[in-house]
$ cat final-v6.pdb   # PDB, C-alpha atoms, pLDDT in the B column
MODEL        1
ATOM      1  CA  MET A   1      74.859 234.593  46.763  1.00 94.00           C
ATOM      2  CA  LEU A   2      72.593 237.562  47.368  1.00 96.00           C
ATOM      3  CA  LEU A   3      70.217 237.920  50.313  1.00 97.00           C
ATOM      4  CA  ALA A   4      67.335 240.269  49.480  1.00 96.00           C
ATOM      5  CA  ILE A   5      65.302 241.606  52.405  1.00 96.00           C
ATOM      6  CA  ASP A   6      62.005 243.468  52.127  1.00 94.00           C
ATOM      7  CA  CYS A   7      60.872 244.729  55.534  1.00 94.00           C
ATOM      8  CA  GLY A   8      57.235 245.834  55.603  1.00 89.00           C
ATOM      9  CA  ASN A   9      55.005 246.955  58.435  1.00 87.00           C
ATOM     10  CA  THR A  10      53.414 243.509  58.815  1.00 86.00           C
ATOM     11  CA  ASN A  11      55.842 240.959  57.322  1.00 89.00           C
ATOM     12  CA  THR A  12      59.505 240.776  56.344  1.00 94.00           C
ATOM     13  CA  LEU A  13      60.557 238.773  53.300  1.00 94.00           C
ATOM     14  CA  PHE A  14      63.978 237.126  52.961  1.00 96.00           C
ATOM     15  CA  ALA A  15      64.998 235.667  49.588  1.00 96.00           C
ATOM     16  CA  VAL A  16      68.241 234.080  48.369  1.00 96.00           C
ATOM     17  CA  HIS A  17      69.449 234.448  44.764  1.00 96.00           C
ATOM     18  CA  ASP A  18      72.399 232.427  43.480  1.00 93.00           C
ATOM     19  CA  GLY A  19      73.123 234.597  40.441  1.00 90.00           C
ATOM     20  CA  LYS A  20      70.831 232.606  38.156  1.00 93.00           C
ATOM     21  CA  ARG A  21      67.627 231.967  40.082  1.00 94.00           C
ATOM     22  CA  TRP A  22      65.869 232.428  43.406  1.00 95.00           C
ATOM     23  CA  ARG A  23      66.818 229.501  45.623  1.00 95.00           C
ATOM     24  CA  ALA A  24      64.436 230.118  48.535  1.00 95.00           C
ATOM     25  CA  GLN A  25      62.047 232.641  50.097  1.00 94.00           C
ATOM     26  CA  TRP A  26      60.801 232.995  53.676  1.00 95.00           C
ATOM     27  CA  ARG A  27      58.473 235.387  55.507  1.00 93.00           C
ATOM     28  CA  THR A  28      58.405 236.341  59.158  1.00 93.00           C
ATOM     29  CA  ALA A  29      56.275 238.764  61.148  1.00 92.00           C
ATOM     30  CA  THR A  30      57.923 242.167  61.493  1.00 93.00           C
ATOM     31  CA  HIS A  31      58.871 242.893  65.105  1.00 93.00           C
ATOM     32  CA  THR A  32      60.899 246.019  65.704  1.00 93.00           C
ATOM     33  CA  THR A  33      62.577 244.505  68.774  1.00 93.00           C
ATOM     34  CA  ARG A  34      63.936 241.430  66.937  1.00 94.00           C
ATOM     35  CA  THR A  35      67.713 241.653  67.065  1.00 96.00           C
ATOM     36  CA  ALA A  36      70.356 240.735  64.492  1.00 96.00           C
ATOM     37  CA  ASP A  37      71.231 237.670  66.574  1.00 96.00           C
ATOM     38  CA  GLU A  38      67.621 236.475  66.575  1.00 96.00           C
ATOM     39  CA  TYR A  39      67.338 236.997  62.822  1.00 96.00           C
ATOM     40  CA  ALA A  40      70.555 235.025  62.319  1.00 96.00           C
ATOM     41  CA  VAL A  41      69.351 232.023  64.343  1.00 96.00           C
ATOM     42  CA  TRP A  42      65.980 231.948  62.560  1.00 96.00           C
ATOM     43  CA  LEU A  43      67.490 232.425  59.109  1.00 95.00           C
ATOM     44  CA  SER A  44      70.297 229.903  59.515  1.00 95.00           C
ATOM     45  CA  GLN A  45      67.819 227.179  60.477  1.00 95.00           C
ATOM     46  CA  LEU A  46      65.620 227.824  57.453  1.00 96.00           C
ATOM     47  CA  MET A  47      68.607 228.005  55.137  1.00 95.00           C
ATOM     48  CA  ALA A  48      69.870 224.660  56.427  1.00 95.00           C
ATOM     49  CA  MET A  49      66.565 223.074  55.384  1.00 95.00           C
ATOM     50  CA  GLN A  50      67.381 224.191  51.812  1.00 93.00           C
ATOM     51  CA  ARG A  51      71.003 223.009  52.098  1.00 94.00           C
ATOM     52  CA  LEU A  52      72.222 226.568  52.309  1.00 94.00           C
ATOM     53  CA  ASP A  53      74.369 228.303  54.901  1.00 93.00           C
ATOM     54  CA  LEU A  54      74.872 231.877  56.048  1.00 92.00           C
ATOM     55  CA  THR A  55      78.452 231.621  54.793  1.00 92.00           C
ATOM     56  CA  ASP A  56      77.081 231.155  51.253  1.00 93.00           C
ATOM     57  CA  ILE A  57      75.835 234.764  51.314  1.00 95.00           C
ATOM     58  CA  ASP A  58      78.287 237.448  50.243  1.00 92.00           C
ATOM     59  CA  ALA A  59      75.941 240.332  49.414  1.00 95.00           C
ATOM     60  CA  CYS A  60      72.772 241.857  50.862  1.00 96.00           C
ATOM     61  CA  VAL A  61      70.191 244.359  49.625  1.00 96.00           C
ATOM     62  CA  ILE A  62      67.527 245.777  51.947  1.00 96.00           C
ATOM     63  CA  SER A  63      64.289 247.699  51.463  1.00 94.00           C
ATOM     64  CA  SER A  64      62.581 248.781  54.685  1.00 93.00           C
ATOM     65  CA  VAL A  65      59.703 251.029  55.689  1.00 90.00           C
ATOM     66  CA  VAL A  66      60.357 250.301  59.387  1.00 92.00           C
ATOM     67  CA  PRO A  67      63.333 252.363  60.624  1.00 91.00           C
ATOM     68  CA  GLN A  68      63.619 250.464  63.932  1.00 93.00           C
ATOM     69  CA  SER A  69      63.956 247.129  62.101  1.00 94.00           C
ATOM     70  CA  LEU A  70      66.409 248.525  59.561  1.00 95.00           C
ATOM     71  CA  PHE A  71      68.996 249.018  62.310  1.00 95.00           C
ATOM     72  CA  HIS A  72      68.882 245.318  63.224  1.00 96.00           C
ATOM     73  CA  LEU A  73      68.871 244.170  59.592  1.00 97.00           C
ATOM     74  CA  ARG A  74      71.985 246.230  58.866  1.00 96.00           C
ATOM     75  CA  ASN A  75      73.654 244.541  61.829  1.00 95.00           C
ATOM     76  CA  LEU A  76      72.555 241.122  60.595  1.00 96.00           C
ATOM     77  CA  SER A  77      74.317 241.728  57.285  1.00 96.00           C
ATOM     78  CA  ARG A  78      77.472 243.166  58.801  1.00 95.00           C
ATOM     79  CA  ARG A  79      77.912 240.642  61.621  1.00 94.00           C
ATOM     80  CA  TYR A  80      76.743 237.389  60.088  1.00 94.00           C
ATOM     81  CA  LEU A  81      77.115 237.876  56.329  1.00 92.00           C
ATOM     82  CA  ASN A  82      80.304 239.914  56.437  1.00 86.00           C
ATOM     83  CA  ALA A  83      78.720 242.263  53.896  1.00 91.00           C
ATOM     84  CA  ASP A  84      77.906 245.944  54.036  1.00 93.00           C
ATOM     85  CA  PRO A  85      74.258 245.996  52.865  1.00 95.00           C
ATOM     86  CA  LEU A  86      72.940 248.028  49.961  1.00 94.00           C
ATOM     87  CA  VAL A  87      69.940 249.881  51.416  1.00 94.00           C
ATOM     88  CA  VAL A  88      67.216 251.527  49.356  1.00 92.00           C
ATOM     89  CA  GLY A  89      67.202 255.224  50.144  1.00 86.00           C
ATOM     90  CA  ASP A  90      70.826 255.495  51.241  1.00 88.00           C
ATOM     91  CA  GLU A  91      72.855 258.281  49.679  1.00 85.00           C
ATOM     92  CA  GLY A  92      74.398 257.302  46.366  1.00 86.00           C
ATOM     93  CA  VAL A  93      72.092 254.328  45.696  1.00 90.00           C
ATOM     94  CA  ASP A  94      70.797 254.463  42.117  1.00 87.00           C
ATOM     95  CA  ILE A  95      67.108 253.492  42.164  1.00 87.00           C
ATOM     96  CA  GLY A  96      66.798 253.648  38.388  1.00 85.00           C
ATOM     97  CA  ILE A  97      63.441 255.413  38.715  1.00 89.00           C
ATOM     98  CA  ALA A  98      62.882 259.160  38.294  1.00 91.00           C
ATOM     99  CA  VAL A  99      60.656 260.351  41.172  1.00 93.00           C
ATOM    100  CA  LYS A 100      58.363 263.111  39.907  1.00 93.00           C
ATOM    101  CA  ILE A 101      56.274 264.001  42.947  1.00 92.00           C
ATOM    102  CA  GLU A 102      56.217 267.215  45.008  1.00 92.00           C
ATOM    103  CA  ARG A 103      58.461 265.805  47.759  1.00 92.00           C
ATOM    104  CA  PRO A 104      60.576 262.992  46.277  1.00 88.00           C
ATOM    105  CA  ASN A 105      61.943 261.995  49.700  1.00 84.00           C
ATOM    106  CA  GLU A 106      58.414 260.980  50.744  1.00 85.00           C
ATOM    107  CA  ALA A 107      58.253 258.117  48.239  1.00 87.00           C
ATOM    108  CA  GLY A 108      58.460 254.901  50.238  1.00 85.00           C
ATOM    109  CA  ALA A 109      61.297 252.472  49.564  1.00 86.00           C
ATOM    110  CA  ASP A 110      58.811 249.667  48.942  1.00 88.00           C
ATOM    111  CA  ARG A 111      56.954 251.664  46.294  1.00 91.00           C
ATOM    112  CA  LEU A 112      60.140 252.558  44.414  1.00 93.00           C
ATOM    113  CA  VAL A 113      61.388 248.964  44.486  1.00 94.00           C
ATOM    114  CA  ASN A 114      58.013 247.797  43.153  1.00 95.00           C
ATOM    115  CA  ALA A 115      58.228 250.376  40.377  1.00 95.00           C
ATOM    116  CA  LEU A 116      61.653 249.079  39.379  1.00 95.00           C
ATOM    117  CA  GLY A 117      60.507 245.457  39.581  1.00 95.00           C
ATOM    118  CA  CYS A 118      57.608 246.177  37.223  1.00 96.00           C
ATOM    119  CA  ARG A 119      59.630 248.302  34.810  1.00 94.00           C
ATOM    120  CA  VAL A 120      61.997 245.437  34.023  1.00 92.00           C
ATOM    121  CA  GLN A 121      59.069 243.115  33.280  1.00 94.00           C
ATOM    122  CA  TYR A 122      56.259 245.193  31.748  1.00 96.00           C
ATOM    123  CA  PRO A 123      56.406 247.900  29.042  1.00 95.00           C
ATOM    124  CA  GLY A 124      54.364 251.074  28.822  1.00 95.00           C
ATOM    125  CA  ASP A 125      52.460 253.067  31.422  1.00 97.00           C
ATOM    126  CA  LEU A 126      51.722 251.081  34.580  1.00 98.00           C
ATOM    127  CA  ILE A 127      49.528 250.990  37.656  1.00 98.00           C
ATOM    128  CA  ILE A 128      50.931 248.885  40.505  1.00 97.00           C
ATOM    129  CA  VAL A 129      48.419 247.756  43.124  1.00 96.00           C
ATOM    130  CA  ASP A 130      50.206 246.531  46.248  1.00 93.00           C
ATOM    131  CA  SER A 131      47.918 244.966  48.853  1.00 89.00           C
ATOM    132  CA  GLY A 132      49.566 244.831  52.258  1.00 82.00           C
ATOM    133  CA  THR A 133      49.150 246.766  55.499  1.00 82.00           C
ATOM    134  CA  ALA A 134      48.075 249.583  53.188  1.00 87.00           C
ATOM    135  CA  THR A 135      46.728 249.216  49.674  1.00 91.00           C
ATOM    136  CA  THR A 136      48.786 251.430  47.386  1.00 94.00           C
ATOM    137  CA  PHE A 137      48.209 252.399  43.759  1.00 97.00           C
ATOM    138  CA  ASP A 138      51.380 253.656  42.073  1.00 97.00           C
ATOM    139  CA  VAL A 139      51.524 255.257  38.635  1.00 97.00           C
ATOM    140  CA  ILE A 140      54.618 254.695  36.487  1.00 97.00           C
ATOM    141  CA  SER A 141      55.059 256.445  33.145  1.00 96.00           C
ATOM    142  CA  GLY A 142      56.159 254.694  29.981  1.00 93.00           C
ATOM    143  CA  GLU A 143      59.526 256.410  30.418  1.00 92.00           C
ATOM    144  CA  GLY A 144      59.955 254.833  33.848  1.00 91.00           C
ATOM    145  CA  ALA A 145      59.095 257.778  36.113  1.00 95.00           C
ATOM    146  CA  PHE A 146      57.238 257.457  39.400  1.00 96.00           C
ATOM    147  CA  LEU A 147      54.357 259.935  39.029  1.00 96.00           C
ATOM    148  CA  GLY A 148      52.558 259.422  42.343  1.00 95.00           C
ATOM    149  CA  GLY A 149      49.584 257.398  43.412  1.00 95.00           C
ATOM    150  CA  ILE A 150      47.051 256.594  46.105  1.00 96.00           C
ATOM    151  CA  ILE A 151      47.346 255.130  49.616  1.00 94.00           C
ATOM    152  CA  ALA A 152      44.304 253.443  51.181  1.00 92.00           C
ATOM    153  CA  PRO A 153      43.940 251.277  54.319  1.00 87.00           C
ATOM    154  CA  GLY A 154      44.726 247.615  53.688  1.00 85.00           C
ATOM    155  CA  ILE A 155      41.979 245.011  53.770  1.00 83.00           C
ATOM    156  CA  ASN A 156      43.266 243.380  56.983  1.00 79.00           C
ATOM    157  CA  LEU A 157      43.557 246.774  58.657  1.00 78.00           C
ATOM    158  CA  SER A 158      39.967 247.612  57.742  1.00 77.00           C
ATOM    159  CA  MET A 159      38.730 244.252  59.022  1.00 76.00           C
ATOM    160  CA  GLN A 160      40.587 244.754  62.307  1.00 78.00           C
ATOM    161  CA  ALA A 161      39.197 248.275  62.713  1.00 77.00           C
ATOM    162  CA  LEU A 162      35.652 247.001  62.139  1.00 75.00           C
ATOM    163  CA  HIS A 163      36.073 244.323  64.807  1.00 70.00           C
ATOM    164  CA  ASN A 164      37.698 246.711  67.306  1.00 76.00           C
ATOM    165  CA  ALA A 165      35.179 249.516  66.894  1.00 73.00           C
ATOM    166  CA  ALA A 166      31.951 247.474  66.931  1.00 73.00           C
ATOM    167  CA  ALA A 167      31.416 245.462  70.109  1.00 64.00           C
ATOM    168  CA  GLN A 168      29.090 242.893  68.533  1.00 69.00           C
ATOM    169  CA  LEU A 169      31.041 242.225  65.348  1.00 72.00           C
ATOM    170  CA  PRO A 170      33.333 239.171  65.517  1.00 75.00           C
ATOM    171  CA  ARG A 171      36.863 238.736  64.214  1.00 77.00           C
ATOM    172  CA  ILE A 172      36.572 236.857  60.895  1.00 74.00           C
ATOM    173  CA  ALA A 173      38.774 235.511  58.124  1.00 76.00           C
ATOM    174  CA  ILE A 174      38.857 237.316  54.795  1.00 80.00           C
ATOM    175  CA  GLU A 175      37.490 235.204  51.973  1.00 81.00           C
ATOM    176  CA  ARG A 176      35.320 235.571  48.901  1.00 86.00           C
ATOM    177  CA  PRO A 177      31.687 235.122  49.985  1.00 86.00           C
ATOM    178  CA  ALA A 178      29.291 232.945  48.001  1.00 84.00           C
ATOM    179  CA  LYS A 179      26.753 235.784  47.756  1.00 88.00           C
ATOM    180  CA  VAL A 180      26.884 239.564  47.809  1.00 92.00           C
ATOM    181  CA  ILE A 181      23.882 239.848  50.122  1.00 94.00           C
ATOM    182  CA  GLY A 182      24.896 238.364  53.454  1.00 89.00           C
ATOM    183  CA  THR A 183      22.239 236.397  55.357  1.00 88.00           C
ATOM    184  CA  ASN A 184      24.187 236.363  58.639  1.00 88.00           C
ATOM    185  CA  THR A 185      26.668 238.641  60.392  1.00 85.00           C
ATOM    186  CA  VAL A 186      29.802 236.863  59.191  1.00 84.00           C
ATOM    187  CA  GLY A 187      28.546 236.698  55.588  1.00 86.00           C
ATOM    188  CA  ALA A 188      27.567 240.369  55.664  1.00 88.00           C
ATOM    189  CA  MET A 189      31.000 241.372  56.982  1.00 84.00           C
ATOM    190  CA  GLN A 190      32.845 239.218  54.452  1.00 86.00           C
ATOM    191  CA  SER A 191      30.807 240.658  51.616  1.00 89.00           C
ATOM    192  CA  GLY A 192      31.319 244.227  52.758  1.00 88.00           C
ATOM    193  CA  VAL A 193      35.062 243.886  53.128  1.00 87.00           C
ATOM    194  CA  PHE A 194      35.748 241.670  50.102  1.00 89.00           C
ATOM    195  CA  TRP A 195      33.445 243.280  47.533  1.00 92.00           C
ATOM    196  CA  GLY A 196      34.071 246.700  49.017  1.00 91.00           C
ATOM    197  CA  TYR A 197      37.766 246.249  48.288  1.00 91.00           C
ATOM    198  CA  ILE A 198      37.138 244.901  44.814  1.00 92.00           C
ATOM    199  CA  ASP A 199      35.086 247.987  44.009  1.00 94.00           C
ATOM    200  CA  LEU A 200      37.678 250.234  45.657  1.00 94.00           C
ATOM    201  CA  ILE A 201      40.392 248.693  43.462  1.00 94.00           C
ATOM    202  CA  ASP A 202      38.390 248.709  40.235  1.00 96.00           C
ATOM    203  CA  GLY A 203      36.961 252.165  40.890  1.00 96.00           C
ATOM    204  CA  LEU A 204      40.287 253.825  41.687  1.00 97.00           C
ATOM    205  CA  ILE A 205      41.972 252.171  38.721  1.00 97.00           C
ATOM    206  CA  ALA A 206      39.225 253.569  36.465  1.00 97.00           C
ATOM    207  CA  ARG A 207      39.729 257.053  37.921  1.00 98.00           C
ATOM    208  CA  ILE A 208      43.519 256.863  37.521  1.00 98.00           C
ATOM    209  CA  LYS A 209      43.192 255.768  33.884  1.00 98.00           C
ATOM    210  CA  ALA A 210      40.694 258.554  33.132  1.00 97.00           C
ATOM    211  CA  GLU A 211      42.970 261.193  34.670  1.00 97.00           C
ATOM    212  CA  HIS A 212      46.173 259.807  33.131  1.00 96.00           C
ATOM    213  CA  GLY A 213      44.652 259.664  29.656  1.00 95.00           C
ATOM    214  CA  GLN A 214      46.909 256.899  28.295  1.00 93.00           C
ATOM    215  CA  PRO A 215      46.523 253.095  28.026  1.00 95.00           C
ATOM    216  CA  MET A 216      47.877 251.472  31.189  1.00 97.00           C
ATOM    217  CA  THR A 217      48.754 247.950  32.333  1.00 98.00           C
ATOM    218  CA  VAL A 218      47.678 247.049  35.870  1.00 97.00           C
ATOM    219  CA  ILE A 219      49.843 244.744  38.000  1.00 97.00           C
ATOM    220  CA  ALA A 220      48.732 243.461  41.404  1.00 95.00           C
ATOM    221  CA  THR A 221      51.185 242.273  44.049  1.00 94.00           C
ATOM    222  CA  GLY A 222      51.424 242.016  47.826  1.00 86.00           C
ATOM    223  CA  GLY A 223      50.453 239.612  50.553  1.00 78.00           C
ATOM    224  CA  VAL A 224      46.701 239.464  49.909  1.00 80.00           C
ATOM    225  CA  ALA A 225      46.579 240.245  46.180  1.00 83.00           C
ATOM    226  CA  SER A 226      45.809 236.618  45.333  1.00 81.00           C
ATOM    227  CA  LEU A 227      42.442 237.018  47.093  1.00 81.00           C
ATOM    228  CA  PHE A 228      41.300 239.305  44.294  1.00 85.00           C
ATOM    229  CA  GLU A 229      42.295 237.088  41.370  1.00 86.00           C
ATOM    230  CA  GLY A 230      39.238 236.327  39.273  1.00 86.00           C
ATOM    231  CA  ALA A 231      37.170 238.952  41.088  1.00 90.00           C
ATOM    232  CA  SER A 232      38.701 242.211  39.877  1.00 91.00           C
ATOM    233  CA  ALA A 233      37.981 243.148  36.271  1.00 91.00           C
ATOM    234  CA  ALA A 234      40.653 245.847  36.205  1.00 95.00           C
ATOM    235  CA  ILE A 235      43.813 243.892  37.072  1.00 95.00           C
ATOM    236  CA  ASP A 236      45.824 242.563  34.127  1.00 95.00           C
ATOM    237  CA  HIS A 237      48.552 240.589  35.936  1.00 95.00           C
ATOM    238  CA  PHE A 238      48.962 239.083  39.392  1.00 93.00           C
ATOM    239  CA  ASP A 239      52.689 239.029  40.114  1.00 94.00           C
ATOM    240  CA  PRO A 240      53.960 238.001  43.575  1.00 90.00           C
ATOM    241  CA  ASP A 241      57.623 238.545  42.633  1.00 91.00           C
ATOM    242  CA  VAL A 242      57.518 242.275  41.882  1.00 94.00           C
ATOM    243  CA  THR A 243      59.410 243.330  45.011  1.00 93.00           C
ATOM    244  CA  ILE A 244      62.208 240.754  44.961  1.00 94.00           C
ATOM    245  CA  ARG A 245      62.658 241.342  41.218  1.00 95.00           C
ATOM    246  CA  GLY A 246      63.055 245.040  41.984  1.00 95.00           C
ATOM    247  CA  LEU A 247      65.586 244.352  44.733  1.00 95.00           C
ATOM    248  CA  LEU A 248      67.600 242.105  42.416  1.00 95.00           C
ATOM    249  CA  GLU A 249      67.603 244.766  39.695  1.00 94.00           C
ATOM    250  CA  LEU A 250      68.600 247.403  42.240  1.00 94.00           C
ATOM    251  CA  TRP A 251      71.534 245.252  43.322  1.00 94.00           C
ATOM    252  CA  ARG A 252      72.648 244.703  39.742  1.00 93.00           C
ATOM    253  CA  ARG A 253      72.578 248.450  39.107  1.00 91.00           C
ATOM    254  CA  ASN A 254      74.656 249.255  42.182  1.00 92.00           C
ATOM    255  CA  LYS A 255      76.835 246.207  42.867  1.00 82.00           C
ATOM    256  CA  ASP A 256      79.984 247.760  41.450  1.00 75.00           C
ATOM    257  CA  THR A 257      79.735 250.667  43.895  1.00 67.00           C
ATOM    258  CA  ALA A 258      78.470 248.711  46.927  1.00 57.00           C
TER
ENDMDL
END

$ encode --input "final-v6.pdb" --output "structure tokens"
Amino acid sequence: MLLAIDCGNTNTLFAVHDGKRWRAQWRTATHTTRTADEYAVWLSQLMAMQRLDLTDIDACVISSVVPQSLFHLRNLSRRYLNADPLVVGDEGVDIGIAVKIERPNEAGADRLVNALGCRVQYPGDLIIVDSGTATTFDVISGEGAFLGGIIAPGINLSMQALHNAAAQLPRIAIERPAKVIGTNTVGAMQSGVFWGYIDLIDGLIARIKAEHGQPMTVIATGGVASLFEGASAAIDHFDPDVTIRGLLELWRRNKDTA
């Protein structure tokens, strides 16, 4: 079985694939000090609940944007899975995506994996909106090339900054408000953050499409993307499995050389 790991700035996703289907998925908060031993204890307990065991795993693929955590995740794979992990960005790993930006090495592992995960599912020119710690907009050509994109602060990050910078503004949950015009502080904050992000998403997608000049399909993914379903007029598909699909495809492309 394959263990796919996607380590982001806020959360880390672990998913097990048995060669035919995904058997289980789990998320944990990303902590750079969490060791391989701690990961192994946590993971083995969750796997046992699904009648799985660490010894069932014989391969591992990792995407990480957190270098400090990557060290521990490599050790997890080598010590407890007895597998040398396939890591996005390592020398010799075939991403399957041509990177056509000024500095190709600056393209984040998560963005390239998302591009691959969308390419195997959706035809044509694509915009991938990934809502996490940052909100990214990635442009993929119909030929499968990563052309660049946009990076904006994530919705949770913006909410936290608003609370931290304004002494009288409370910490609130993000949810779709009943009205645009808030009649109290919480309602006003929720409206500003929620509808502000909807307009940021729809507005930037419109600008990307105008500049690109070709029909494009828009796919939304990421931890908070589901918040925008039914509110954004520009998103065509909400797909929570973009990243793990990309990791699986990456493994299939490279398994004979891993």

$ resolve_selection --input "final-v6.pdb" --expression "the PyMOL selection byres ((chain A and resi 157) around 12)" --output "PDB file with C-alpha atoms, keeping the file's coordinate frame"
ATOM      1  CA  ASN A   9      55.005 246.955  58.435  1.00 87.00           C
ATOM      2  CA  THR A  10      53.414 243.509  58.815  1.00 86.00           C
ATOM      3  CA  SER A 131      47.918 244.966  48.853  1.00 89.00           C
ATOM      4  CA  GLY A 132      49.566 244.831  52.258  1.00 82.00           C
ATOM      5  CA  THR A 133      49.150 246.766  55.499  1.00 82.00           C
ATOM      6  CA  ALA A 134      48.075 249.583  53.188  1.00 87.00           C
ATOM      7  CA  THR A 135      46.728 249.216  49.674  1.00 91.00           C
ATOM      8  CA  ALA A 152      44.304 253.443  51.181  1.00 92.00           C
ATOM      9  CA  PRO A 153      43.940 251.277  54.319  1.00 87.00           C
ATOM     10  CA  GLY A 154      44.726 247.615  53.688  1.00 85.00           C
ATOM     11  CA  ILE A 155      41.979 245.011  53.770  1.00 83.00           C
ATOM     12  CA  ASN A 156      43.266 243.380  56.983  1.00 79.00           C
ATOM     13  CA  SER A 158      39.967 247.612  57.742  1.00 77.00           C
ATOM     14  CA  MET A 159      38.730 244.252  59.022  1.00 76.00           C
ATOM     15  CA  GLN A 160      40.587 244.754  62.307  1.00 78.00           C
ATOM     16  CA  ALA A 161      39.197 248.275  62.713  1.00 77.00           C
ATOM     17  CA  LEU A 162      35.652 247.001  62.139  1.00 75.00           C
ATOM     18  CA  HIS A 163      36.073 244.323  64.807  1.00 70.00           C
ATOM     19  CA  ASN A 164      37.698 246.711  67.306  1.00 76.00           C
ATOM     20  CA  ARG A 171      36.863 238.736  64.214  1.00 77.00           C
ATOM     21  CA  ILE A 174      38.857 237.316  54.795  1.00 80.00           C
ATOM     22  CA  VAL A 193      35.062 243.886  53.128  1.00 87.00           C
ATOM     23  CA  TYR A 197      37.766 246.249  48.288  1.00 91.00           C
ATOM     24  CA  VAL A 224      46.701 239.464  49.909  1.00 80.00           C
TER      25      VAL A 224
END

$ atom_distance --input "final-v6.pdb" --atom1 "CA of Glu143 (chain A)" --atom2 "CA of Val242 (chain A)"
18.3 Å

$ resolve_selection --input "final-v6.pdb" --expression "the PyMOL selection byres ((chain A and resi 29) around 8)" --output "number ranges by chain"
A: 10-12, 27-28, 30-31

$ resolve_selection --input "final-v6.pdb" --expression "the PyMOL selection byres ((chain A and resi 52) around 12)" --output "VMD selection string"
chain A and resid 1 3 15 to 18 23 to 24 43 to 51 53 to 57

$ residues_around --input "final-v6.pdb" --residues "Asp90 (chain A)" --least-positions-apart "6" --cutoff "12 Å" --atoms "all atoms listed in the file" --output "list in words"
Val61, Ile62, Ser63, Ser64, Leu70, Asn105, Ala109, Asn254 and Ala258 of chain A

$ write_last_selection --input "final-v6.pdb" --atoms "C-alpha atoms" --output "CSV table (one decimal), keeping the file's coordinate frame"
chain,number,residue,atom,x,y,z
A,61,VAL,CA,70.2,244.4,49.6
A,62,ILE,CA,67.5,245.8,51.9
A,63,SER,CA,64.3,247.7,51.5
A,64,SER,CA,62.6,248.8,54.7
A,70,LEU,CA,66.4,248.5,59.6
A,105,ASN,CA,61.9,262.0,49.7
A,109,ALA,CA,61.3,252.5,49.6
A,254,ASN,CA,74.7,249.3,42.2
A,258,ALA,CA,78.5,248.7,46.9

$ atom_distance --input "final-v6.pdb" --atom1 "CA of Ala210 (chain A)" --atom2 "CA of Gly230 (chain A)"
23.1 Å

$ closest_residue --input "final-v6.pdb" --among "A:Gly117, A:Met189, A:Arg21, A:Val66" --to "Ala166 (chain A)" --atoms "all atoms listed in the file"
A:Met189

$ residues_near_point --input "final-v6.pdb" --point "(78.3, 243.1, 56.0)" --cutoff "12 Å" --atoms "all atoms listed in the file" --output "list in words"
Leu2, Leu3, Ala36, Leu54, Thr55, Ile57, Asp58, Ala59, Cys60, Val61, Ile62, Leu73, Arg74, Asn75, Leu76, Ser77, Arg78, Arg79, Tyr80, Leu81, Asn82, Ala83, Asp84, Pro85, Leu86, Val87 and Ala258 of chain A

$ closest_residue --input "final-v6.pdb" --among "A:Arg207, A:Arg176, A:Arg252, A:Arg34" --to "Ala234 (chain A)" --atoms "all atoms listed in the file"
A:Arg207

$ residues_around --input "final-v6.pdb" --residues "region 179-188 of chain A" --least-positions-apart "5" --cutoff "8 Å" --atoms "all atoms listed in the file" --output "PyMOL selection string"
chain A and resi 169-170+172+195

$ write_last_selection --input "final-v6.pdb" --atoms "C-alpha atoms" --output "PDB file, in the coordinates of the input"
ATOM      1  CA  LEU A 169      31.041 242.225  65.348  1.00 72.00           C
ATOM      2  CA  PRO A 170      33.333 239.171  65.517  1.00 75.00           C
ATOM      3  CA  ILE A 172      36.572 236.857  60.895  1.00 74.00           C
ATOM      4  CA  TRP A 195      33.445 243.280  47.533  1.00 92.00           C
TER       5      TRP A 195
END

$ closest_residue --input "final-v6.pdb" --among "A:Ser69, A:Gln190, A:Thr221, A:Thr32" --to "Asp138 (chain A)" --atoms "all atoms listed in the file"
A:Thr221

$ atom_distance --input "final-v6.pdb" --atom1 "CA of Gly92 (chain A)" --atom2 "CA of Ala115 (chain A)"
18.6 Å

$ residues_around --input "final-v6.pdb" --residues "Gly149 (chain A)" --least-positions-apart "6" --cutoff "10 Å" --atoms "only C-alpha atoms" --output "PyMOL selection string"
chain A and resi 101+107+111+127-129+136-140+208
